[in-house]
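What follows is the content of start.cif, which has mmCIF, C-alpha atoms:
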```cif
data_upload
#
loop_
_atom_site.label_atom_id
_atom_site.label_comp_id
_atom_site.auth_asym_id
_atom_site.auth_seq_id
_atom_site.Cartn_x
_atom_site.Cartn_y
_atom_site.Cartn_z
CA MET A 1 -22.02 18.64 -3.90
CA HIS A 2 -25.45 18.69 -2.22
CA ILE A 3 -26.79 15.14 -2.41
CA PRO A 4 -30.58 15.20 -1.85
CA ASP A 5 -32.68 12.81 0.22
CA GLY A 6 -33.82 9.47 -1.19
CA ILE A 7 -30.73 8.65 -3.25
CA LEU A 8 -28.15 7.07 -0.96
CA THR A 9 -28.50 3.69 0.68
CA LEU A 10 -28.82 3.28 4.45
CA PRO A 11 -25.26 1.93 5.00
CA VAL A 12 -23.77 4.92 3.14
CA LEU A 13 -25.95 7.34 5.11
CA ALA A 14 -25.01 5.67 8.39
CA ALA A 15 -21.28 5.71 7.62
CA GLY A 16 -21.42 9.36 6.55
CA GLY A 17 -23.40 10.30 9.63
CA ALA A 18 -20.95 8.53 11.94
CA LEU A 19 -17.94 10.25 10.35
CA ALA A 20 -19.69 13.60 10.58
CA VAL A 21 -20.44 13.11 14.27
CA VAL A 22 -16.77 12.33 14.95
CA GLY A 23 -15.59 15.33 12.91
CA VAL A 24 -18.04 17.76 14.52
CA GLY A 25 -17.21 16.42 17.97
CA LEU A 26 -13.48 16.94 17.44
CA GLY A 27 -14.09 20.38 16.00
CA LEU A 28 -16.27 21.49 18.90
CA ARG A 29 -13.88 20.07 21.48
CA GLY A 30 -11.04 22.15 20.08
CA LEU A 31 -12.97 25.43 19.95
CA ASP A 32 -11.83 28.28 22.16
CA ASP A 33 -13.27 31.74 22.74
CA ARG A 34 -11.64 33.25 19.67
CA GLY A 35 -12.67 30.29 17.57
CA ILE A 36 -16.44 30.56 17.98
CA PRO A 37 -16.88 33.89 16.12
CA ARG A 38 -14.47 32.73 13.43
CA VAL A 39 -16.35 29.49 12.86
CA ALA A 40 -19.66 31.38 12.77
CA LEU A 41 -18.29 33.93 10.29
CA LEU A 42 -16.89 31.38 7.88
CA SER A 43 -20.01 29.25 8.20
CA ALA A 44 -22.03 32.28 7.08
CA VAL A 45 -19.61 32.94 4.20
CA PHE A 46 -19.86 29.32 3.08
CA PHE A 47 -23.66 29.45 3.40
CA ALA A 48 -23.92 32.53 1.17
CA ALA A 49 -21.24 31.57 -1.37
CA SER A 50 -22.56 28.06 -1.97
CA LEU A 51 -26.06 29.36 -2.69
CA VAL A 52 -24.81 30.88 -5.96
CA SER A 53 -24.68 28.14 -8.60
CA VAL A 54 -23.14 28.60 -12.03
CA PRO A 55 -24.29 26.27 -14.85
CA VAL A 56 -21.46 24.19 -16.33
CA GLY A 57 -22.64 21.88 -19.10
CA PRO A 58 -25.42 19.58 -17.84
CA SER A 59 -24.54 20.34 -14.22
CA SER A 60 -23.78 23.38 -12.08
CA VAL A 61 -21.08 24.33 -9.62
CA HIS A 62 -20.75 26.65 -6.66
CA LEU A 63 -17.94 27.77 -4.37
CA LEU A 64 -17.13 25.53 -1.42
CA LEU A 65 -14.18 27.39 0.14
CA SER A 66 -13.31 24.17 1.96
CA GLY A 67 -9.56 24.53 1.50
CA LEU A 68 -9.57 28.06 2.87
CA MET A 69 -11.84 27.10 5.76
CA GLY A 70 -9.60 24.17 6.62
CA LEU A 71 -6.55 26.42 6.79
CA VAL A 72 -8.27 28.99 8.99
CA LEU A 73 -10.47 26.74 11.15
CA GLY A 74 -8.69 23.40 11.30
CA LEU A 75 -11.17 20.79 12.50
CA GLY A 76 -13.61 23.63 13.19
CA ILE A 77 -14.59 23.31 9.54
CA PHE A 78 -16.86 20.39 10.48
CA PRO A 79 -19.34 22.32 12.68
CA ALA A 80 -19.12 25.32 10.32
CA VAL A 81 -20.13 23.24 7.30
CA LEU A 82 -22.74 21.23 9.21
CA VAL A 83 -24.63 24.33 10.38
CA ALA A 84 -24.56 25.94 6.94
CA LEU A 85 -25.75 22.78 5.16
CA ALA A 86 -28.53 22.23 7.70
CA LEU A 87 -29.82 25.77 7.16
CA GLN A 88 -29.62 25.40 3.39
CA ALA A 89 -31.56 22.13 3.53
CA VAL A 90 -34.28 23.56 5.79
CA LEU A 91 -34.61 27.01 4.23
CA PHE A 92 -33.97 26.35 0.54
CA GLY A 93 -34.22 22.60 0.03
CA PHE A 94 -30.55 22.29 -1.00
CA GLY A 95 -29.31 18.82 -0.23
CA GLY A 96 -31.27 16.94 2.41
CA LEU A 97 -31.53 16.23 6.09
CA THR A 98 -30.89 12.49 5.84
CA THR A 99 -27.79 13.17 3.72
CA LEU A 100 -26.54 15.93 6.02
CA GLY A 101 -23.79 13.74 7.45
CA VAL A 102 -22.55 12.55 4.05
CA ASN A 103 -22.61 16.05 2.57
CA THR A 104 -20.75 17.44 5.58
CA VAL A 105 -18.02 14.81 5.30
CA ASN A 106 -17.64 15.24 1.54
CA ILE A 107 -17.07 18.97 1.93
CA ALA A 108 -15.39 19.32 5.33
CA LEU A 109 -13.05 16.31 5.41
CA PRO A 110 -10.86 17.40 2.46
CA GLY A 111 -10.63 20.90 3.94
CA ALA A 112 -9.67 19.55 7.35
CA VAL A 113 -6.97 17.34 5.83
CA ALA A 114 -5.64 20.28 3.80
CA GLY A 115 -5.51 22.38 6.94
CA LEU A 116 -3.65 19.70 8.88
CA LEU A 117 -1.12 18.92 6.13
CA LEU A 118 -0.66 22.24 4.33
CA GLY A 119 -1.42 24.62 7.19
CA PRO A 120 2.04 24.45 8.79
CA LEU A 121 3.69 24.89 5.39
CA VAL A 122 1.56 27.94 4.56
CA ARG A 123 2.16 29.57 7.94
CA ARG A 124 5.93 29.15 7.66
CA GLN A 125 6.09 31.21 4.49
CA THR A 126 7.33 34.79 4.59
CA SER A 127 6.24 35.50 1.03
CA PRO A 128 2.49 36.11 0.60
CA LEU A 129 2.77 34.95 -3.01
CA VAL A 130 4.26 31.57 -2.09
CA ALA A 131 1.76 31.09 0.73
CA GLY A 132 -1.06 31.92 -1.67
CA LEU A 133 0.22 29.41 -4.21
CA PHE A 134 0.31 26.63 -1.61
CA ALA A 135 -3.16 27.56 -0.39
CA GLY A 136 -4.51 27.69 -3.93
CA ALA A 137 -3.09 24.27 -4.78
CA GLY A 138 -4.56 22.81 -1.61
CA SER A 139 -7.97 24.33 -2.32
CA ALA A 140 -8.00 22.93 -5.84
CA LEU A 141 -7.18 19.47 -4.50
CA CYS A 142 -10.00 19.83 -1.97
CA ILE A 143 -12.50 20.34 -4.80
CA PHE A 144 -11.41 17.17 -6.57
CA ALA A 145 -11.46 15.28 -3.26
CA SER A 146 -15.00 16.49 -2.54
CA GLY A 147 -16.10 15.57 -6.05
CA GLY A 148 -14.50 12.17 -5.61
CA GLY A 149 -16.30 11.73 -2.31
CA VAL A 150 -19.65 12.51 -3.89
CA ALA A 151 -18.92 10.18 -6.80
CA LEU A 152 -17.89 7.43 -4.40
CA THR A 153 -21.03 7.71 -2.27
CA LEU A 154 -23.21 7.65 -5.38
CA TRP A 155 -21.39 4.61 -6.76
CA LEU A 156 -21.62 2.78 -3.43
CA SER A 157 -25.37 3.38 -3.41
CA SER A 158 -26.04 2.29 -6.98
CA SER A 159 -24.05 1.66 -10.16
CA ASP A 160 -26.81 3.53 -12.01
CA PHE A 161 -25.26 6.77 -10.74
CA VAL A 162 -21.88 6.16 -12.41
CA PRO A 163 -22.62 8.44 -15.44
CA VAL A 164 -23.71 11.22 -13.07
CA ALA A 165 -20.55 10.76 -11.01
CA ARG A 166 -18.39 11.10 -14.12
CA VAL A 167 -20.09 14.34 -15.15
CA LEU A 168 -19.64 15.66 -11.62
CA LEU A 169 -15.89 15.03 -11.68
CA VAL A 170 -15.54 16.85 -15.02
CA THR A 171 -17.34 19.93 -13.70
CA CYS A 172 -14.88 20.06 -10.79
CA LEU A 173 -12.11 21.41 -13.05
CA PRO A 174 -13.40 24.98 -13.55
CA LEU A 175 -14.51 25.14 -9.92
CA ALA A 176 -11.05 24.04 -8.75
CA LEU A 177 -9.42 26.86 -10.72
CA VAL A 178 -11.75 29.47 -9.22
CA GLU A 179 -11.34 28.08 -5.70
CA ALA A 180 -7.56 28.12 -6.09
CA ALA A 181 -7.61 31.78 -7.14
CA VAL A 182 -9.93 32.84 -4.31
CA ALA A 183 -8.07 30.93 -1.60
CA GLY A 184 -4.68 32.08 -2.86
CA MET A 185 -5.65 35.75 -2.83
CA VAL A 186 -7.29 35.56 0.60
CA VAL A 187 -4.35 33.73 2.21
CA ALA A 188 -1.82 36.11 0.65
CA PHE A 189 -3.83 39.05 1.97
CA LEU A 190 -4.14 37.57 5.46
CA LEU A 191 -0.43 36.84 5.64
CA ARG A 192 0.30 40.49 4.90
CA VAL A 193 -2.23 42.14 7.23
CA GLU A 194 -3.22 39.59 9.92
CA PRO A 195 -1.16 36.38 9.90
CA ARG A 196 -2.75 35.29 13.19
CA MET A 197 -5.93 34.55 11.22
CA LEU A 198 -4.08 31.63 9.64
CA GLN A 199 -3.68 29.97 13.03
CA PRO A 200 -6.50 27.42 13.29
CA SER A 201 -8.74 28.03 16.27
CA ALA A 202 -10.24 24.55 16.52
CA GLY A 203 -7.71 21.79 16.55
CA GLY A 204 -5.11 21.03 13.93
CA ALA A 205 -2.75 23.71 15.23
#
```
Could I get this file's structure written as structure tokens?
Amino acid sequence: MHIPDGILTLPVLAAGGALAVVGVGLGLRGLDDRGIPRVALLSAVFFAASLVSVPVGPSSVHLLLSGLMGLVLGLGIFPAVLVALALQAVLFGFGGLTTLGVNTVNIALPGAVAGLLLGPLVRRQTSPLVAGLFAGAGSALCIFASGGGVALTLWLSSSDFVPVARVLLVTCLPLALVEAAVAGMVVAFLLRVEPRMLQPSAGGA
């Protein structure tokens, strides 16, 4: 999901950057005192989890946790992802600085949408199992949406990237299953012990 520098065309980079600015602005505007530590914590979790890549065929995958972050942070997922991706690009060379906006949108936007659409449904549940199932399904869809976003940006930049985009979408399947399991277990646990954590602290409430 980390598109490096020098691949995307200027219009794609500009559009991704503009969308990222809007998303981060909305996320920061909705932050309150309790939201800042939560955004920082999940940004750190995303930073650490996405550094671990597992080879799958000719590609590799890593956890995104975007569905879970969207449920917990709402629009706060945008600044959380932006900070983590920027640090990864600077410290480890993952992704790039010119593609920071596009990468942020591809990861954060599906999570934000999942939080806005599925969040109320998850929070209404009294059964941790049912809430976990909804969260898991949403997280799996987020992975395919992120993979589709990456494939779309590659295709818009050059048709030469179409084979790479197809491989990327195939590798999303095992990652979606793992993400669904992780998000489902975490949401079920939070609903049992601290349901207030499922109330987004940055917009989307």
Checklist entry - Need the neighbours of (-15.9, 14.5, 8.5): which residues are at most 12 Å away, counting only C-alpha atoms, as number ranges by chain? => result A: 15-27, 66, 70, 74-82, 100-113, 146, 149
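For the pair CA of Leu169 in chain A and CA of Leu51 in chain A, the interatomic distance is 19.7 Å.
Closest to Phe144 in chain A among A:Pro11, A:Pro200, A:Pro174, A:Gly96 is A:Pro174, based on all atoms listed in the file.
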So that I can check the surroundings of Phe94 in chain A, please list as a compact mmCIF listing (two decimals) with C-alpha atoms, keeping the file's coordinate frame every protein, DNA and RNA residue that reaches within 9 Å of it, counting all atoms listed in the file and ignoring chain neighbours fewer than 4 positions away.
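Once everything was written out, this is out_39.txt:
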```
# COMPACT_ATOMS: atom_id res chain seq x y z
CA HIS A 2 -25.45 18.69 -2.22
CA ILE A 3 -26.79 15.14 -2.41
CA PRO A 4 -30.58 15.20 -1.85
CA LEU A 51 -26.06 29.36 -2.69
CA LEU A 85 -25.75 22.78 5.16
CA ALA A 86 -28.53 22.23 7.70
CA LEU A 87 -29.82 25.77 7.16
CA GLN A 88 -29.62 25.40 3.39
CA ALA A 89 -31.56 22.13 3.53
CA VAL A 90 -34.28 23.56 5.79
```
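Across the structure, CA of Arg192 in chain A and CA of Leu116 in chain A are spaced 21.5 Å apart.
Counting from CA of Glu179 in chain A, the distance to CA of Ser139 in chain A is 6.1 Å.
With the shown file loaded, the PyMOL selection byres ((chain A and resi 197) around 10) picks out A:Arg38, A:Leu71, A:Val72, A:Leu73, A:Val187, A:Leu190, A:Leu191, A:Val193, A:Glu194, A:Pro195, A:Arg196, A:Leu198, A:Gln199, A:Pro200, A:Ser201.
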Item to check | Chain and number of each residue from the PyMOL selection byres ((chain A and resi 177) around 10), as number ranges by chain | outcome: A: 136-137, 139-141, 143, 172-176, 178-182
Checklist entry - Can you list, as a VMD selection string, the residues that the PyMOL selection byres ((chain A and resi 63) around 6) selects here? => result chain A and resid 49 to 50 62 64 to 65
Checklist entry - So which residues are close to (-16.5, 11.5, -7.3), meaning at most 12 Å away in the file's coordinates with only C-alpha atoms counted, and can you show them as a ChimeraX atom specification? => result /A:1,3,106-107,142-156,161-172
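With only C-alpha atoms as the atoms that count, the residue of A:Leu133, A:Leu10, A:Asp5, A:Pro120 with the shortest distance to Ser157 in chain A is A:Leu10.
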For range 17-23 of chain A, I'd like the enclosing box, axis-aligned and padded by 5 Å on every side, reported as lines of an AutoDock Vina configuration file with centre and edge lengths in Å to one decimal.
```
center_x = -19.5
center_y = 11.9
center_z = 12.3
size_x = 17.8
size_y = 16.8
size_z = 15.3
```
Item to check | Nearest residue to Ala84 in chain A from the set A:Leu13, A:Ala183, A:Leu68, A:Val39 (distances using only C-alpha atoms) | outcome: A:Val39
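Comparing A:Ala188, A:Val12, A:Ala114, A:Leu31 by their smallest distance to Leu129 in chain A, the closest is A:Ala188 (using only C-alpha atoms).
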